[in-house]
$ cat run.tsv   # TSV, N, CA and C atoms
chain	number	residue	atom	x	y	z
P	1	MET	N	0.84	-1.19	0.00
P	1	MET	CA	0.00	0.00	0.00
P	1	MET	C	0.88	1.24	0.00
P	2	ASN	N	0.54	2.18	-0.83
P	2	ASN	CA	1.30	3.42	-0.93
P	2	ASN	C	0.88	4.39	0.17
P	3	HIS	N	1.83	5.17	0.60
P	3	HIS	CA	1.53	6.22	1.58
P	3	HIS	C	1.36	7.52	0.81
P	4	LEU	N	0.32	8.25	1.13
P	4	LEU	CA	0.05	9.51	0.45
P	4	LEU	C	0.90	10.62	1.04
P	5	PRO	N	1.33	11.61	0.28
P	5	PRO	CA	1.18	11.68	-1.17
P	5	PRO	C	2.15	10.76	-1.89
P	6	PHE	N	1.82	10.35	-3.11
P	6	PHE	CA	2.71	9.55	-3.92
P	6	PHE	C	2.47	9.89	-5.39
P	7	THR	N	3.36	9.40	-6.24
P	7	THR	CA	3.22	9.64	-7.68
P	7	THR	C	2.55	8.45	-8.32
P	8	TYR	N	1.60	8.72	-9.19
P	8	TYR	CA	0.84	7.68	-9.87
P	8	TYR	C	1.02	7.85	-11.37
P	9	SER	N	1.23	6.76	-12.07
P	9	SER	CA	1.33	6.80	-13.52
P	9	SER	C	0.02	6.31	-14.12
P	10	VAL	N	-0.63	7.16	-14.92
P	10	VAL	CA	-1.89	6.81	-15.55
P	10	VAL	C	-1.69	5.58	-16.42
P	11	GLY	N	-2.55	4.59	-16.26
P	11	GLY	CA	-2.47	3.37	-17.02
P	11	GLY	C	-1.95	2.20	-16.21
P	12	GLU	N	-1.51	2.47	-14.95
P	12	GLU	CA	-0.99	1.39	-14.10
P	12	GLU	C	-2.11	0.46	-13.65
P	13	ALA	N	-3.32	0.94	-13.61
P	13	ALA	CA	-4.44	0.14	-13.16
P	13	ALA	C	-5.66	0.52	-13.98
P	14	HIS	N	-6.78	-0.03	-13.68
P	14	HIS	CA	-8.01	0.25	-14.43
P	14	HIS	C	-8.65	1.54	-13.94
P	15	ASP	N	-8.01	2.66	-14.30
P	15	ASP	CA	-8.49	3.97	-13.84
P	15	ASP	C	-9.43	4.61	-14.85
P	16	GLY	N	-9.56	4.00	-16.02
P	16	GLY	CA	-10.44	4.56	-17.03
P	16	GLY	C	-9.91	5.82	-17.68
P	17	GLY	N	-8.69	6.23	-17.33
P	17	GLY	CA	-8.11	7.43	-17.93
P	17	GLY	C	-8.76	8.71	-17.48
P	18	THR	N	-9.42	8.69	-16.31
P	18	THR	CA	-10.06	9.90	-15.80
P	18	THR	C	-9.68	10.12	-14.33
P	19	LEU	N	-9.80	11.36	-13.88
P	19	LEU	CA	-9.55	11.64	-12.47
P	19	LEU	C	-10.58	10.98	-11.57
P	20	ARG	N	-11.81	10.83	-12.04
P	20	ARG	CA	-12.83	10.15	-11.24
P	20	ARG	C	-12.45	8.68	-11.03
P	21	GLY	N	-11.98	8.04	-12.11
P	21	GLY	CA	-11.55	6.65	-12.01
P	21	GLY	C	-10.39	6.50	-11.06
P	22	LEU	N	-9.47	7.44	-11.12
P	22	LEU	CA	-8.31	7.43	-10.25
P	22	LEU	C	-8.72	7.62	-8.79
P	23	ALA	N	-9.62	8.57	-8.54
P	23	ALA	CA	-10.08	8.83	-7.17
P	23	ALA	C	-10.79	7.61	-6.60
P	24	LYS	N	-11.55	6.91	-7.45
P	24	LYS	CA	-12.24	5.69	-7.00
P	24	LYS	C	-11.23	4.63	-6.60
P	25	LEU	N	-10.16	4.48	-7.39
P	25	LEU	CA	-9.13	3.50	-7.08
P	25	LEU	C	-8.38	3.84	-5.80
P	26	VAL	N	-7.96	5.09	-5.69
P	26	VAL	CA	-7.08	5.49	-4.59
P	26	VAL	C	-7.84	5.74	-3.29
P	27	TYR	N	-8.91	6.51	-3.38
P	27	TYR	CA	-9.64	6.90	-2.18
P	27	TYR	C	-10.89	6.07	-1.93
P	28	GLY	N	-11.33	5.34	-2.95
P	28	GLY	CA	-12.58	4.61	-2.84
P	28	GLY	C	-13.79	5.52	-3.02
P	29	ASP	N	-13.55	6.74	-3.52
P	29	ASP	CA	-14.62	7.71	-3.69
P	29	ASP	C	-14.35	8.54	-4.92
P	30	LYS	N	-15.13	8.34	-5.98
P	30	LYS	CA	-14.88	9.05	-7.23
P	30	LYS	C	-15.14	10.55	-7.12
P	31	LYS	N	-15.84	10.98	-6.08
P	31	LYS	CA	-16.11	12.40	-5.91
P	31	LYS	C	-14.87	13.18	-5.47
P	32	MET	N	-13.84	12.49	-5.05
P	32	MET	CA	-12.63	13.17	-4.56
P	32	MET	C	-11.65	13.52	-5.68
P	33	TRP	N	-12.12	13.43	-6.94
P	33	TRP	CA	-11.24	13.75	-8.07
P	33	TRP	C	-10.73	15.18	-8.01
P	34	ILE	N	-11.51	16.07	-7.43
P	34	ILE	CA	-11.13	17.48	-7.39
P	34	ILE	C	-9.85	17.69	-6.58
P	35	GLN	N	-9.60	16.84	-5.57
P	35	GLN	CA	-8.37	16.95	-4.80
P	35	GLN	C	-7.16	16.56	-5.64
P	36	ILE	N	-7.34	15.54	-6.48
P	36	ILE	CA	-6.23	15.15	-7.36
P	36	ILE	C	-6.00	16.25	-8.39
P	37	TYR	N	-7.08	16.82	-8.91
P	37	TYR	CA	-6.95	17.93	-9.86
P	37	TYR	C	-6.19	19.09	-9.22
P	38	ALA	N	-6.56	19.44	-7.99
P	38	ALA	CA	-5.92	20.58	-7.32
P	38	ALA	C	-4.42	20.37	-7.17
P	39	ALA	N	-4.01	19.13	-6.95
P	39	ALA	CA	-2.59	18.84	-6.77
P	39	ALA	C	-1.84	18.77	-8.10
P	40	ASN	N	-2.58	18.70	-9.20
P	40	ASN	CA	-1.97	18.54	-10.52
P	40	ASN	C	-2.48	19.55	-11.54
P	41	ARG	N	-2.94	20.68	-11.07
P	41	ARG	CA	-3.61	21.64	-11.95
P	41	ARG	C	-2.72	22.17	-13.07
P	42	ASP	N	-1.39	22.06	-12.91
P	42	ASP	CA	-0.49	22.54	-13.96
P	42	ASP	C	-0.29	21.52	-15.08
P	43	VAL	N	-0.67	20.26	-14.85
P	43	VAL	CA	-0.46	19.24	-15.87
P	43	VAL	C	-1.74	18.63	-16.41
P	44	VAL	N	-2.87	18.81	-15.72
P	44	VAL	CA	-4.14	18.23	-16.15
P	44	VAL	C	-5.00	19.31	-16.79
P	45	SER	N	-5.31	19.14	-18.08
P	45	SER	CA	-6.17	20.12	-18.73
P	45	SER	C	-7.61	19.63	-18.79
P	46	ASP	N	-7.80	18.31	-18.83
P	46	ASP	CA	-9.15	17.75	-18.90
P	46	ASP	C	-9.25	16.58	-17.92
P	47	PRO	N	-10.04	16.73	-16.84
P	47	PRO	CA	-10.14	15.66	-15.85
P	47	PRO	C	-10.79	14.39	-16.39
P	48	ASN	N	-11.39	14.47	-17.57
P	48	ASN	CA	-12.05	13.31	-18.16
P	48	ASN	C	-11.21	12.61	-19.24
P	49	ALA	N	-10.00	13.10	-19.49
P	49	ALA	CA	-9.16	12.50	-20.52
P	49	ALA	C	-7.69	12.65	-20.15
P	50	LEU	N	-7.18	11.68	-19.40
P	50	LEU	CA	-5.77	11.70	-19.00
P	50	LEU	C	-4.96	10.89	-19.99
P	51	SER	N	-3.78	11.38	-20.33
P	51	SER	CA	-2.95	10.65	-21.28
P	51	SER	C	-2.22	9.51	-20.57
P	52	TYR	N	-2.06	8.41	-21.30
P	52	TYR	CA	-1.38	7.23	-20.77
P	52	TYR	C	0.05	7.60	-20.37
P	53	GLY	N	0.47	7.17	-19.20
P	53	GLY	CA	1.82	7.44	-18.72
P	53	GLY	C	1.99	8.76	-18.01
P	54	MET	N	0.95	9.61	-17.99
P	54	MET	CA	1.03	10.89	-17.29
P	54	MET	C	1.29	10.64	-15.80
P	55	LEU	N	2.21	11.37	-15.23
P	55	LEU	CA	2.52	11.22	-13.81
P	55	LEU	C	1.73	12.23	-13.01
P	56	LEU	N	1.01	11.74	-12.00
P	56	LEU	CA	0.18	12.60	-11.17
P	56	LEU	C	0.55	12.44	-9.70
P	57	THR	N	0.48	13.52	-8.97
P	57	THR	CA	0.68	13.48	-7.53
P	57	THR	C	-0.66	13.19	-6.87
P	58	ILE	N	-0.70	12.19	-6.00
P	58	ILE	CA	-1.91	11.86	-5.28
P	58	ILE	C	-1.76	12.42	-3.86
P	59	PRO	N	-2.57	13.41	-3.51
P	59	PRO	CA	-2.44	14.04	-2.18
P	59	PRO	C	-3.15	13.23	-1.10
P	60	PRO	N	-2.85	13.53	0.17
P	60	PRO	CA	-3.59	12.88	1.25
P	60	PRO	C	-5.08	13.12	1.11
P	61	SER	N	-5.88	12.18	1.58
P	61	SER	CA	-7.33	12.32	1.42
P	61	SER	C	-7.93	13.37	2.34
P	62	HIS	N	-7.30	13.62	3.46
P	62	HIS	CA	-7.83	14.61	4.40
P	62	HIS	C	-6.92	15.83	4.41
P	63	GLN	N	-7.40	16.89	3.80
P	63	GLN	CA	-6.66	18.14	3.74
P	63	GLN	C	-7.46	19.20	4.49
P	64	PRO	N	-6.78	20.21	5.01
P	64	PRO	CA	-7.53	21.25	5.71
P	64	PRO	C	-8.52	21.93	4.77
P	65	ALA	N	-9.72	22.08	5.24
P	65	ALA	CA	-10.76	22.73	4.43
P	65	ALA	C	-10.58	24.24	4.48
P	66	PRO	N	-10.77	24.91	3.34
P	66	PRO	CA	-10.69	26.37	3.35
P	66	PRO	C	-11.78	26.94	4.24
P	67	GLU	N	-11.50	28.09	4.82
P	67	GLU	CA	-12.46	28.74	5.71
P	67	GLU	C	-13.34	29.69	4.92
P	68	LEU	N	-14.65	29.51	5.01
P	68	LEU	CA	-15.60	30.36	4.31
P	68	LEU	C	-15.72	31.69	5.04
P	69	LYS	N	-15.44	32.78	4.34
P	69	LYS	CA	-15.54	34.12	4.93
P	69	LYS	C	-16.87	34.76	4.59
P	70	THR	N	-17.30	34.64	3.35
P	70	THR	CA	-18.55	35.23	2.90
P	70	THR	C	-19.22	34.26	1.94
P	71	LYS	N	-20.52	34.07	2.11
P	71	LYS	CA	-21.27	33.18	1.22
P	71	LYS	C	-22.10	34.02	0.26
P	72	ILE	N	-21.85	33.83	-1.02
P	72	ILE	CA	-22.60	34.52	-2.06
P	72	ILE	C	-23.38	33.47	-2.84
P	73	LEU	N	-24.68	33.57	-2.84
P	73	LEU	CA	-25.50	32.65	-3.61
P	73	LEU	C	-25.72	33.24	-5.01
P	74	PRO	N	-25.34	32.49	-6.05
P	74	PRO	CA	-25.53	33.03	-7.39
P	74	PRO	C	-27.01	33.09	-7.76
P	75	PRO	N	-27.40	34.08	-8.55
P	75	PRO	CA	-28.79	34.13	-9.00
P	75	PRO	C	-29.04	32.96	-9.96
P	76	TYR	N	-30.22	32.40	-9.90
P	76	TYR	CA	-30.58	31.27	-10.75
P	76	TYR	C	-30.93	31.82	-12.13
P	77	PRO	N	-30.12	31.54	-13.16
P	77	PRO	CA	-30.40	32.09	-14.49
P	77	PRO	C	-31.79	31.68	-14.98
P	78	SER	N	-32.52	32.62	-15.57
P	78	SER	CA	-33.90	32.35	-15.99
P	78	SER	C	-33.97	31.23	-17.02
P	79	GLU	N	-33.00	31.17	-17.93
P	79	GLU	CA	-33.01	30.10	-18.94
P	79	GLU	C	-32.82	28.73	-18.28
P	80	ALA	N	-31.94	28.66	-17.28
P	80	ALA	CA	-31.73	27.41	-16.55
P	80	ALA	C	-32.99	27.03	-15.78
P	81	ALA	N	-33.65	28.02	-15.18
P	81	ALA	CA	-34.87	27.75	-14.42
P	81	ALA	C	-35.98	27.23	-15.33
P	82	SER	N	-36.11	27.84	-16.50
P	82	SER	CA	-37.18	27.41	-17.41
P	82	SER	C	-36.95	26.00	-17.94
P	83	GLN	N	-35.67	25.57	-17.97
P	83	GLN	CA	-35.35	24.22	-18.44
P	83	GLN	C	-35.14	23.24	-17.28
P	84	HIS	N	-35.35	23.71	-16.05
P	84	HIS	CA	-35.18	22.89	-14.85
P	84	HIS	C	-33.76	22.31	-14.75
P	85	VAL	N	-32.78	23.15	-15.09
P	85	VAL	CA	-31.38	22.74	-15.04
P	85	VAL	C	-30.81	23.06	-13.67
P	86	HIS	N	-30.11	22.10	-13.08
P	86	HIS	CA	-29.42	22.32	-11.81
P	86	HIS	C	-28.18	21.44	-11.78
P	87	GLY	N	-27.28	21.72	-10.87
P	87	GLY	CA	-26.09	20.90	-10.75
P	87	GLY	C	-24.93	21.66	-10.15
P	88	ASP	N	-23.83	20.95	-9.99
P	88	ASP	CA	-22.62	21.52	-9.42
P	88	ASP	C	-21.73	22.07	-10.53
P	89	ILE	N	-20.94	23.07	-10.18
P	89	ILE	CA	-19.95	23.63	-11.09
P	89	ILE	C	-18.60	23.47	-10.41
P	90	ALA	N	-17.68	22.75	-11.05
P	90	ALA	CA	-16.31	22.60	-10.52
P	90	ALA	C	-15.45	23.68	-11.15
P	91	MET	N	-14.73	24.42	-10.30
P	91	MET	CA	-13.92	25.54	-10.78
P	91	MET	C	-12.51	25.44	-10.24
P	92	ASP	N	-11.58	26.00	-10.99
P	92	ASP	CA	-10.21	26.18	-10.55
P	92	ASP	C	-10.05	27.67	-10.29
P	93	VAL	N	-9.88	28.04	-9.02
P	93	VAL	CA	-9.83	29.45	-8.64
P	93	VAL	C	-8.44	29.79	-8.14
P	94	THR	N	-7.84	30.82	-8.72
P	94	THR	CA	-6.54	31.31	-8.28
P	94	THR	C	-6.76	32.59	-7.50
P	95	LEU	N	-6.18	32.64	-6.30
P	95	LEU	CA	-6.33	33.82	-5.44
P	95	LEU	C	-5.05	34.63	-5.41
P	96	ASN	N	-5.20	35.93	-5.21
P	96	ASN	CA	-4.06	36.80	-4.97
P	96	ASN	C	-3.63	36.62	-3.52
P	97	ASP	N	-2.47	37.17	-3.16
P	97	ASP	CA	-1.96	37.07	-1.79
P	97	ASP	C	-2.93	37.64	-0.76
P	98	ASP	N	-3.71	38.64	-1.16
P	98	ASP	CA	-4.64	39.26	-0.23
P	98	ASP	C	-5.99	38.54	-0.16
P	99	GLY	N	-6.13	37.42	-0.89
P	99	GLY	CA	-7.35	36.64	-0.85
P	99	GLY	C	-8.38	37.00	-1.90
P	100	THR	N	-8.11	38.05	-2.68
P	100	THR	CA	-9.04	38.39	-3.76
P	100	THR	C	-8.85	37.42	-4.92
P	101	VAL	N	-9.88	37.30	-5.73
P	101	VAL	CA	-9.86	36.35	-6.84
P	101	VAL	C	-9.06	36.92	-8.02
P	102	GLN	N	-8.08	36.16	-8.45
P	102	GLN	CA	-7.28	36.55	-9.61
P	102	GLN	C	-7.87	35.96	-10.89
P	103	GLU	N	-8.20	34.66	-10.84
P	103	GLU	CA	-8.69	33.98	-12.03
P	103	GLU	C	-9.66	32.87	-11.65
P	104	VAL	N	-10.69	32.69	-12.45
P	104	VAL	CA	-11.65	31.60	-12.27
P	104	VAL	C	-11.75	30.84	-13.59
P	105	LYS	N	-11.54	29.54	-13.52
P	105	LYS	CA	-11.64	28.69	-14.71
P	105	LYS	C	-12.63	27.58	-14.40
P	106	VAL	N	-13.68	27.46	-15.21
P	106	VAL	CA	-14.65	26.38	-15.02
P	106	VAL	C	-14.03	25.10	-15.55
P	107	ILE	N	-13.99	24.08	-14.70
P	107	ILE	CA	-13.47	22.78	-15.08
P	107	ILE	C	-14.59	21.92	-15.63
P	108	GLU	N	-15.74	22.01	-14.97
P	108	GLU	CA	-16.86	21.16	-15.35
P	108	GLU	C	-18.15	21.77	-14.83
P	109	GLY	N	-19.18	21.69	-15.64
P	109	GLY	CA	-20.48	22.19	-15.22
P	109	GLY	C	-21.37	22.50	-16.40
P	110	ASN	N	-22.64	22.72	-16.13
P	110	ASN	CA	-23.60	23.03	-17.17
P	110	ASN	C	-23.38	24.47	-17.63
P	111	PRO	N	-23.22	24.69	-18.93
P	111	PRO	CA	-22.97	26.05	-19.44
P	111	PRO	C	-24.04	27.07	-19.05
P	112	LEU	N	-25.26	26.63	-18.81
P	112	LEU	CA	-26.32	27.57	-18.41
P	112	LEU	C	-26.09	28.12	-17.00
P	113	LEU	N	-25.30	27.42	-16.20
P	113	LEU	CA	-25.07	27.81	-14.82
P	113	LEU	C	-23.69	28.44	-14.60
P	114	ASN	N	-22.77	28.21	-15.52
P	114	ASN	CA	-21.37	28.62	-15.34
P	114	ASN	C	-21.18	30.10	-15.05
P	115	SER	N	-21.83	30.95	-15.82
P	115	SER	CA	-21.63	32.39	-15.68
P	115	SER	C	-22.07	32.90	-14.31
P	116	ALA	N	-23.24	32.48	-13.85
P	116	ALA	CA	-23.74	32.93	-12.56
P	116	ALA	C	-22.83	32.43	-11.43
P	117	ALA	N	-22.36	31.18	-11.54
P	117	ALA	CA	-21.48	30.63	-10.51
P	117	ALA	C	-20.14	31.36	-10.50
P	118	THR	N	-19.61	31.63	-11.67
P	118	THR	CA	-18.33	32.35	-11.79
P	118	THR	C	-18.45	33.75	-11.21
P	119	ASP	N	-19.52	34.45	-11.52
P	119	ASP	CA	-19.74	35.80	-10.96
P	119	ASP	C	-19.80	35.77	-9.44
P	120	ALA	N	-20.46	34.78	-8.89
P	120	ALA	CA	-20.58	34.66	-7.42
P	120	ALA	C	-19.21	34.43	-6.80
P	121	VAL	N	-18.38	33.59	-7.43
P	121	VAL	CA	-17.04	33.32	-6.89
P	121	VAL	C	-16.17	34.56	-6.95
P	122	ARG	N	-16.30	35.34	-8.00
P	122	ARG	CA	-15.50	36.58	-8.15
P	122	ARG	C	-15.83	37.58	-7.03
P	123	GLN	N	-17.03	37.50	-6.48
P	123	GLN	CA	-17.42	38.43	-5.41
P	123	GLN	C	-16.78	38.04	-4.11
$ encode --input "run.tsv" --output "structure tokens"
Amino acid sequence: MNHLPFTYSVGEAHDGGTLRGLAKLVYGDKKMWIQIYAANRDVVSDPNALSYGMLLTIPPSHQPAPELKTKILPPYPSEAASQHVHGDIAMDVTLNDDGTVQEVKVIEGNPLLNSAATDAVRQ
């Protein structure tokens, strides 16, 4: 058994070539793919298509949770509401040293919801 963190080579096991598959193998929970993405954000461009042989750092499963300072609820876009669209938006957010948002990149989510979620994060 490997001790976390460790380096993983895509294709060593039946990971399906995705971060979800990798998270299921390593952590037993496919929802923890975002932690692997966070540790490899400079090398992973698409969490659903990893290249064979790509080396990834697998972080510990329990990391300190960020502290919520202000909660901003995004407005529900009217087009999304009319189509009964809902869901999560996964984002890669880069902060400045003072905690303000420098950059927001949507990794995954419904395009009808992305803009409202991104605007809320920028606040």
$ select_by_dssp --input "run.tsv" --residues "segment 7-103 of chain P" --states "alpha helix (DSSP H)" --output "ChimeraX atom specification"
/P:19-27,33-39,78-82
$ closest_residue --input "run.tsv" --among "P:Thr57, P:Gln35, P:Asn40, P:Gln102" --to "Ser9 of chain P" --atoms "only N, CA and C atoms"
P:Thr57
$ atom_distance --input "run.tsv" --atom1 "atom C of Asp15 of chain P" --atom2 "atom N of Leu50 of chain P"
8.7 Å
$ axis_aligned_box --input "run.tsv" --around "segment 5-17 of chain P" --padding-each-side "6 Å" --output "AutoDock Vina command-line options"
--center_x -3.5 --center_y 5.8 --center_z -8.8 --size_x 25.8 --size_y 23.7 --size_z 30.2
$ closest_residue --input "run.tsv" --among "P:Val104, P:Arg122, P:Ser82, P:Ala49" --to "Gly16 of chain P" --atoms "only N, CA and C atoms"
P:Ala49
$ select_by_dssp --input "run.tsv" --residues "chain P" --states "strand (DSSP E)" --output "compact mmCIF listing (two decimals) with N, CA and C atoms, keeping the file's coordinate frame"
# COMPACT_ATOMS: atom_id res chain seq x y z
N PHE P 6 1.82 10.35 -3.11
CA PHE P 6 2.71 9.55 -3.92
C PHE P 6 2.47 9.89 -5.39
N THR P 7 3.36 9.40 -6.24
CA THR P 7 3.22 9.64 -7.68
C THR P 7 2.55 8.45 -8.32
N TYR P 8 1.60 8.72 -9.19
CA TYR P 8 0.84 7.68 -9.87
C TYR P 8 1.02 7.85 -11.37
N SER P 9 1.23 6.76 -12.07
CA SER P 9 1.33 6.80 -13.52
C SER P 9 0.02 6.31 -14.12
N LEU P 55 2.21 11.37 -15.23
CA LEU P 55 2.52 11.22 -13.81
C LEU P 55 1.73 12.23 -13.01
N LEU P 56 1.01 11.74 -12.00
CA LEU P 56 0.18 12.60 -11.17
C LEU P 56 0.55 12.44 -9.70
N THR P 57 0.48 13.52 -8.97
CA THR P 57 0.68 13.48 -7.53
C THR P 57 -0.66 13.19 -6.87
N ILE P 58 -0.70 12.19 -6.00
CA ILE P 58 -1.91 11.86 -5.28
C ILE P 58 -1.76 12.42 -3.86
N ALA P 90 -17.68 22.75 -11.05
CA ALA P 90 -16.31 22.60 -10.52
C ALA P 90 -15.45 23.68 -11.15
N MET P 91 -14.73 24.42 -10.30
CA MET P 91 -13.92 25.54 -10.78
C MET P 91 -12.51 25.44 -10.24
N ASP P 92 -11.58 26.00 -10.99
CA ASP P 92 -10.21 26.18 -10.55
C ASP P 92 -10.05 27.67 -10.29
N VAL P 93 -9.88 28.04 -9.02
CA VAL P 93 -9.83 29.45 -8.64
C VAL P 93 -8.44 29.79 -8.14
N THR P 94 -7.84 30.82 -8.72
CA THR P 94 -6.54 31.31 -8.28
C THR P 94 -6.76 32.59 -7.50
N LEU P 95 -6.18 32.64 -6.30
CA LEU P 95 -6.33 33.82 -5.44
C LEU P 95 -5.05 34.63 -5.41
N VAL P 101 -9.88 37.30 -5.73
CA VAL P 101 -9.86 36.35 -6.84
C VAL P 101 -9.06 36.92 -8.02
N GLN P 102 -8.08 36.16 -8.45
CA GLN P 102 -7.28 36.55 -9.61
C GLN P 102 -7.87 35.96 -10.89
N GLU P 103 -8.20 34.66 -10.84
CA GLU P 103 -8.69 33.98 -12.03
C GLU P 103 -9.66 32.87 -11.65
N VAL P 104 -10.69 32.69 -12.45
CA VAL P 104 -11.65 31.60 -12.27
C VAL P 104 -11.75 30.84 -13.59
N LYS P 105 -11.54 29.54 -13.52
CA LYS P 105 -11.64 28.69 -14.71
C LYS P 105 -12.63 27.58 -14.40
N VAL P 106 -13.68 27.46 -15.21
CA VAL P 106 -14.65 26.38 -15.02
C VAL P 106 -14.03 25.10 -15.55
N ILE P 107 -13.99 24.08 -14.70
CA ILE P 107 -13.47 22.78 -15.08
C ILE P 107 -14.59 21.92 -15.63
N GLU P 108 -15.74 22.01 -14.97
CA GLU P 108 -16.86 21.16 -15.35
C GLU P 108 -18.15 21.77 -14.83
$ residues_around --input "run.tsv" --residues "Ala80 of chain P" --least-positions-apart "5" --cutoff "7 Å" --atoms "only N, CA and C atoms" --output "list in words"
Val85, His86, Leu112 and Leu113 of chain P
$ closest_residue --input "run.tsv" --among "P:Glu108, P:Val44, P:Ala39, P:Lys30" --to "Gln63 of chain P" --atoms "only C-alpha atoms"
P:Ala39
$ atom_distance --input "run.tsv" --atom1 "atom CA of Thr70 of chain P" --atom2 "atom C of Asp98 of chain P"
13.3 Å
$ closest_residue --input "run.tsv" --among "P:Gly109, P:Leu73, P:Gly17, P:Val43" --to "Val121 of chain P" --atoms "all atoms listed in the file"
P:Leu73
$ residues_around --input "run.tsv" --residues "segment 74-79 of chain P" --least-positions-apart "3" --cutoff "6 Å" --atoms "only C-alpha atoms" --output "list in words"
Ser82, Ala116, Ala117 and Ala120 of chain P
